[in-house]
Amino acid sequence: MGTLFAELARQAPTNARREVETYRREIPEFAFLEANRRARDETLEYAVWLRRRTIELSPDNTELSVDDLGYIAAIGEQRAGAGMSLDARQRVLRLHTELMLREINEATAAQRGGGVDELMRMMGWFAPQGERGISAYSQGYVTVLRRRLPYVEQIALLTRALLTGDSMAAELATAVGMELPECYAVTVIRIPDRPAGDRALENDIEALVKTHRVPVMWCPEGGERGGELIALVPLETDPAETDPAEIVPPYVAPDAVSDLVRDFAGTLGRPCAVGTATAQWSELADALDRARRISRAAPLRRASAGLRSHTVADVFVELAVADAPFVDEWLRAVAGRLEQGPDLLLTLDAYYLHDMHRGATAAALNVHARTLDYRLRRVRELTGIDPGSTHGVRALSAIVTRRLSGAWH
């Protein structure tokens with residue numbers, strides 16, 4: 001055994017204790033190690049074993065054995081059984097990798113520049129075998145989740161894993177019988193308010209999952225009754241397509257999204273606002289942020305009132321306004337003047353939804369065309385803005401959307 005490996009072997013117990021202490025200090029779910037001596041000893045034993053197996057196998061580039069992977073999987077089962085969350089699991093993997101690399105670096109430094117060949121052998125072994133170890137750990141973790149968690153909760157874990165880039169997403173997808181495509185339409189259905197004591201939402205989500213077979217999860221907003229349903233709708237892609245801009249069209253909500261939104265909102269029977277952003281698998285977290293911002297800028301509507309999913313192309317003006325408080329205040333002041341008239345915001349909403357077609361707008365409002373003309377004239381009198389002008393479309397349509405989004409409550 002070379003000097004680098006000898007140094008790592010000598011430091012293995014000390015490094016293992018440092019790892020266990022780091023877990024206890026930085027991951028709240030490991031705080032129990034302080035009071036539970038047996039659990040602490042078992043965690044330390046595993047940490048020492050993993051280092052010694054690394055030192056034994058890496059010099060000759062020998063793979064982890066079936067028994068090794070079985071032991072790692074058993075640790076994954078044990079931690080899942082203890083209730084370790086996905087977030088804690090991911091932090092454990094990150095900290096372990098960081099500490100192992102630090103230990104290798106420290107051992108290399110102790111050789112005063114020597115042991116380069118050994119270092120290369122160690123690093124050449126570390127990446128592929130580390131991946132195999134993580135896969136075994138994840139399999140063990142998922143084995144317990146499949147026994148303990150309802151199907152809908154497993155789907156929620158898969159959704160969270162995809163959005164956070166957790167390597168366990170593949171294992172979770174296999175467990176729930178879903179394939180993982182290259183691209184998704186990340187959709188956020190915002191529900192600002194539900195009746196107190198309404199427990200039907202869980203059943204609605206379960207029905208949605210069984211019908212559409214897509215990853216979804218519910219995210220409540222603080223102590224409020226509202227929240228967001230996040231759905232990852234798979235996109236069909238052409239394997240021969242190489243241009244990401246063509247693979248992931250950013251301004252189109254796929255039909256599958258519309259079907260899902262219609263079914264969920266129709267069952268819920270509450271006003272919703274929907275935002276969609278498409279992205280490749282590696283960019284889902286950024287897509288969620290965009291979809292969430294779009295949903296907060298989009299108007300709240302019931303399924304029966306033309307609810308649809310919005311993309312950035314639909315609300316780019318409102319997104320910009322939300323980031324410019326002085327513009328938002330001006331639009332809100334103009335909106336205040338419209339409250340003096342009879343149903344003027346409702347009228348403008350219908351007017352722009354029907355592309356300023358008088359007949360279609362009057363029919364949608366169930367009023368005579370002359371009544372519609374009176375209301376539009378009243379808008380002009382109160383605001384000094386002609387609803388049918390370019391300026392009117394730009395300003396008044398933004399006012400309608402901002403009001404209907406609930407941003408000014």
# chains A, B, ... in the order shown; residues from 1 in each chain; ligands from 1
>>> select_by_dssp(residues="stretch 225-354 of chain A", states="strand (DSSP E)", output="count of residues only")
18
>>> residues_around(residues="A:Ala298", least_positions_apart="5", cutoff="7 Å", atoms="only C-alpha atoms", output="ChimeraX atom specification")
/A:273-274,310,315,401,405
>>> residues_around(residues="A:Thr267", least_positions_apart="5", cutoff="12 Å", atoms="only C-alpha atoms", output="list in words")
Ala200, Leu201, Glu202, Asn203, Asp204, Ile205, Glu206, Ala207, Leu208, Leu260, Val261, Arg262, Cys272, Arg302, Ala303 and Ser304 of chain A
>>> write_last_selection(atoms="all heavy atoms", output="short mmCIF file (atom, residue, chain, number, x, y, z; two decimals), in the first residue's frame")
data_model
loop_
_atom_site.label_atom_id
_atom_site.label_comp_id
_atom_site.auth_asym_id
_atom_site.auth_seq_id
_atom_site.Cartn_x
_atom_site.Cartn_y
_atom_site.Cartn_z
N ALA A 200 -61.13 18.00 1.04
CA ALA A 200 -61.32 17.27 -0.21
C ALA A 200 -60.12 17.40 -1.13
O ALA A 200 -59.99 16.65 -2.08
CB ALA A 200 -62.58 17.77 -0.92
N LEU A 201 -59.24 18.36 -0.86
CA LEU A 201 -58.12 18.61 -1.75
C LEU A 201 -57.24 17.38 -1.91
O LEU A 201 -56.76 17.07 -3.00
CB LEU A 201 -57.30 19.79 -1.24
CG LEU A 201 -56.18 20.27 -2.16
CD1 LEU A 201 -56.73 20.72 -3.49
CD2 LEU A 201 -55.40 21.39 -1.50
N GLU A 202 -57.01 16.65 -0.82
CA GLU A 202 -56.19 15.45 -0.89
C GLU A 202 -56.78 14.44 -1.86
O GLU A 202 -56.07 13.82 -2.65
CB GLU A 202 -56.04 14.83 0.49
CG GLU A 202 -55.28 15.72 1.48
CD GLU A 202 -55.25 15.12 2.87
OE1 GLU A 202 -55.78 13.99 3.03
OE2 GLU A 202 -54.70 15.75 3.78
N ASN A 203 -58.10 14.28 -1.82
CA ASN A 203 -58.76 13.36 -2.74
C ASN A 203 -58.68 13.85 -4.17
O ASN A 203 -58.52 13.06 -5.11
CB ASN A 203 -60.22 13.17 -2.33
CG ASN A 203 -60.36 12.51 -0.97
OD1 ASN A 203 -59.50 11.75 -0.55
ND2 ASN A 203 -61.45 12.82 -0.28
N ASP A 204 -58.80 15.18 -4.34
CA ASP A 204 -58.71 15.75 -5.69
C ASP A 204 -57.33 15.50 -6.30
O ASP A 204 -57.20 15.17 -7.48
CB ASP A 204 -58.97 17.26 -5.65
CG ASP A 204 -60.40 17.59 -5.24
OD1 ASP A 204 -61.27 16.71 -5.36
OD2 ASP A 204 -60.64 18.73 -4.79
N ILE A 205 -56.28 15.67 -5.48
CA ILE A 205 -54.92 15.47 -5.98
C ILE A 205 -54.70 14.00 -6.31
O ILE A 205 -54.07 13.67 -7.32
CB ILE A 205 -53.90 15.97 -4.94
CG1 ILE A 205 -54.00 17.50 -4.81
CG2 ILE A 205 -52.48 15.57 -5.33
CD1 ILE A 205 -53.13 18.08 -3.73
N GLU A 206 -55.22 13.12 -5.47
CA GLU A 206 -55.06 11.68 -5.75
C GLU A 206 -55.74 11.31 -7.06
O GLU A 206 -55.17 10.57 -7.88
CB GLU A 206 -55.65 10.87 -4.60
CG GLU A 206 -55.47 9.37 -4.79
CD GLU A 206 -55.94 8.57 -3.58
OE1 GLU A 206 -56.44 9.19 -2.63
OE2 GLU A 206 -55.79 7.34 -3.60
N ALA A 207 -56.93 11.85 -7.29
CA ALA A 207 -57.63 11.57 -8.55
C ALA A 207 -56.86 12.13 -9.73
O ALA A 207 -56.79 11.51 -10.80
CB ALA A 207 -59.04 12.17 -8.49
N LEU A 208 -56.27 13.31 -9.53
CA LEU A 208 -55.49 13.94 -10.60
C LEU A 208 -54.29 13.08 -10.97
O LEU A 208 -53.99 12.87 -12.15
CB LEU A 208 -55.02 15.32 -10.14
CG LEU A 208 -54.49 16.27 -11.21
CD1 LEU A 208 -55.61 16.78 -12.06
CD2 LEU A 208 -53.77 17.44 -10.54
N LEU A 260 -55.01 18.95 -17.66
CA LEU A 260 -54.80 18.81 -16.22
C LEU A 260 -55.40 19.98 -15.47
O LEU A 260 -56.07 19.80 -14.44
CB LEU A 260 -53.30 18.69 -15.94
CG LEU A 260 -52.86 18.50 -14.49
CD1 LEU A 260 -51.63 17.59 -14.42
CD2 LEU A 260 -52.53 19.83 -13.82
N VAL A 261 -55.17 21.20 -15.95
CA VAL A 261 -55.71 22.39 -15.30
C VAL A 261 -57.23 22.35 -15.29
O VAL A 261 -57.88 22.65 -14.27
CB VAL A 261 -55.21 23.66 -16.02
CG1 VAL A 261 -55.96 24.90 -15.54
CG2 VAL A 261 -53.71 23.83 -15.81
N ARG A 262 -57.82 21.97 -16.41
CA ARG A 262 -59.28 21.91 -16.49
C ARG A 262 -59.85 20.92 -15.49
O ARG A 262 -60.82 21.21 -14.77
CB ARG A 262 -59.69 21.51 -17.92
CG ARG A 262 -61.22 21.45 -18.12
CD ARG A 262 -61.58 20.71 -19.38
NE ARG A 262 -61.15 19.32 -19.31
CZ ARG A 262 -60.30 18.75 -20.15
NH1 ARG A 262 -59.76 19.47 -21.13
NH2 ARG A 262 -59.98 17.47 -20.03
N CYS A 272 -58.67 30.06 -9.65
CA CYS A 272 -57.25 29.68 -9.72
C CYS A 272 -56.54 30.58 -10.72
O CYS A 272 -57.16 31.19 -11.58
CB CYS A 272 -57.08 28.23 -10.19
SG CYS A 272 -57.99 26.99 -9.26
N ARG A 302 -62.32 30.96 -12.52
CA ARG A 302 -62.87 29.62 -12.34
C ARG A 302 -62.76 28.85 -13.65
O ARG A 302 -62.61 29.44 -14.72
CB ARG A 302 -64.34 29.69 -11.91
CG ARG A 302 -64.56 30.33 -10.55
CD ARG A 302 -66.03 30.39 -10.22
NE ARG A 302 -66.26 31.03 -8.93
CZ ARG A 302 -66.29 30.40 -7.77
NH1 ARG A 302 -66.11 29.08 -7.74
NH2 ARG A 302 -66.51 31.05 -6.65
N ALA A 303 -62.85 27.53 -13.55
CA ALA A 303 -62.75 26.70 -14.76
C ALA A 303 -63.84 27.07 -15.75
O ALA A 303 -63.62 27.04 -16.97
CB ALA A 303 -62.84 25.22 -14.38
N SER A 304 -65.00 27.45 -15.25
CA SER A 304 -66.12 27.78 -16.13
C SER A 304 -65.98 29.15 -16.77
O SER A 304 -66.76 29.52 -17.63
CB SER A 304 -67.43 27.73 -15.34
OG SER A 304 -67.38 28.64 -14.24
#
>>> closest_residue(among="A:Thr311, A:Met356, A:Thr361, A:Glu339", to="A:Pro387", atoms="only C-alpha atoms")
A:Met356
>>> residues_around(residues="A:Thr276", least_positions_apart="3", cutoff="7 Å", atoms="only C-alpha atoms", output="short mmCIF file (atom, residue, chain, number, x, y, z; two decimals) with N, CA and C atoms, in the first residue's frame")
data_model
loop_
_atom_site.label_atom_id
_atom_site.label_comp_id
_atom_site.auth_asym_id
_atom_site.auth_seq_id
_atom_site.Cartn_x
_atom_site.Cartn_y
_atom_site.Cartn_z
N ALA A 185 -43.14 20.54 -18.76
CA ALA A 185 -43.83 21.81 -18.61
C ALA A 185 -44.16 21.96 -17.12
N VAL A 186 -43.40 22.80 -16.45
CA VAL A 186 -43.62 23.02 -15.01
C VAL A 186 -44.81 23.95 -14.85
N THR A 187 -45.85 23.47 -14.19
CA THR A 187 -47.10 24.22 -14.08
C THR A 187 -47.45 24.46 -12.62
N VAL A 188 -47.74 25.71 -12.31
CA VAL A 188 -48.14 26.10 -10.95
C VAL A 188 -49.59 26.58 -10.99
N ALA A 253 -48.23 26.54 -23.81
CA ALA A 253 -48.67 25.59 -22.79
C ALA A 253 -49.25 24.37 -23.51
N ALA A 291 -42.56 29.78 -13.49
CA ALA A 291 -43.98 29.40 -13.49
C ALA A 291 -44.69 30.00 -12.29
N SER A 309 -53.83 28.04 -18.72
CA SER A 309 -52.46 28.23 -18.24
C SER A 309 -51.80 29.36 -19.01
N HIS A 310 -51.12 30.24 -18.29
CA HIS A 310 -50.44 31.37 -18.90
C HIS A 310 -48.94 31.10 -18.99
N THR A 311 -48.33 31.62 -20.01
CA THR A 311 -46.88 31.58 -20.15
C THR A 311 -46.37 33.01 -20.07
#
>>> residues_around(residues="A:Ala285", least_positions_apart="4", cutoff="8 Å", atoms="only C-alpha atoms", output="JSON, numbers by chain")
{"A": [163, 164, 165, 289]}
>>> residues_around(residues="A:Glu63", least_positions_apart="4", cutoff="9 Å", atoms="only C-alpha atoms", output="ChimeraX atom specification")
/A:57-58,125,128-129
>>> write_last_selection(atoms="all heavy atoms", output="compact mmCIF listing (two decimals), in the first residue's frame")
# COMPACT_ATOMS: atom_id res chain seq x y z
N LEU A 57 -10.13 -0.92 -1.84
CA LEU A 57 -10.53 -1.22 -3.21
C LEU A 57 -9.90 -0.30 -4.26
O LEU A 57 -9.64 -0.72 -5.39
CB LEU A 57 -12.06 -1.15 -3.34
CG LEU A 57 -12.86 -2.11 -2.46
CD1 LEU A 57 -14.35 -1.85 -2.61
CD2 LEU A 57 -12.54 -3.56 -2.81
N SER A 58 -9.68 0.97 -3.89
CA SER A 58 -9.25 1.93 -4.91
C SER A 58 -7.84 1.70 -5.47
O SER A 58 -7.63 2.00 -6.66
CB SER A 58 -9.36 3.35 -4.36
OG SER A 58 -8.61 3.51 -3.17
N TRP A 125 -11.25 5.90 -9.06
CA TRP A 125 -12.17 4.95 -8.42
C TRP A 125 -13.35 5.65 -7.77
O TRP A 125 -14.47 5.15 -7.81
CB TRP A 125 -11.40 4.17 -7.35
CG TRP A 125 -12.20 3.13 -6.63
CD1 TRP A 125 -12.32 1.82 -6.95
CD2 TRP A 125 -13.00 3.33 -5.44
NE1 TRP A 125 -13.13 1.17 -6.05
CE2 TRP A 125 -13.56 2.07 -5.11
CE3 TRP A 125 -13.29 4.42 -4.64
CZ2 TRP A 125 -14.40 1.89 -4.02
CZ3 TRP A 125 -14.13 4.24 -3.55
CH2 TRP A 125 -14.68 3.00 -3.24
N PRO A 128 -16.95 6.69 -10.12
CA PRO A 128 -17.89 5.64 -10.53
C PRO A 128 -18.41 4.80 -9.36
O PRO A 128 -19.59 4.44 -9.33
CB PRO A 128 -17.08 4.79 -11.52
CG PRO A 128 -15.65 5.08 -11.21
CD PRO A 128 -15.61 6.50 -10.74
N GLN A 129 -17.54 4.49 -8.40
CA GLN A 129 -18.00 3.68 -7.27
C GLN A 129 -18.87 4.49 -6.32
O GLN A 129 -19.78 3.96 -5.69
CB GLN A 129 -16.80 3.09 -6.53
CG GLN A 129 -15.98 2.11 -7.38
CD GLN A 129 -16.85 1.07 -8.05
OE1 GLN A 129 -17.63 0.39 -7.39
NE2 GLN A 129 -16.72 0.93 -9.36
>>> residues_around(residues="A:Ala156", least_positions_apart="5", cutoff="12 Å", atoms="only C-alpha atoms", output="list of chain:residue names")
A:Leu86, A:Leu145, A:Leu149, A:Pro150, A:Tyr151, A:Ala161, A:Leu162, A:Leu163, A:Ala169, A:Leu172, A:Ala173, A:Val176, A:Glu202, A:Ile205, A:Glu206, A:Val209, A:Val214, A:Pro215, A:Val216, A:Met217, A:Trp218, A:Cys219, A:Leu229, A:Ile230, A:Ala231, A:Leu232
>>> closest_residue(among="A:Ser135, A:Asn105, A:Thr390, A:Ser85", to="A:Pro28", atoms="only C-alpha atoms")
A:Ser85
>>> select_by_dssp(residues="stretch 248-384 of chain A", states="alpha helix (DSSP H)", output="ChimeraX atom specification")
/A:255-268,284-297,312-322,325-338,344-353,358-365,369-383
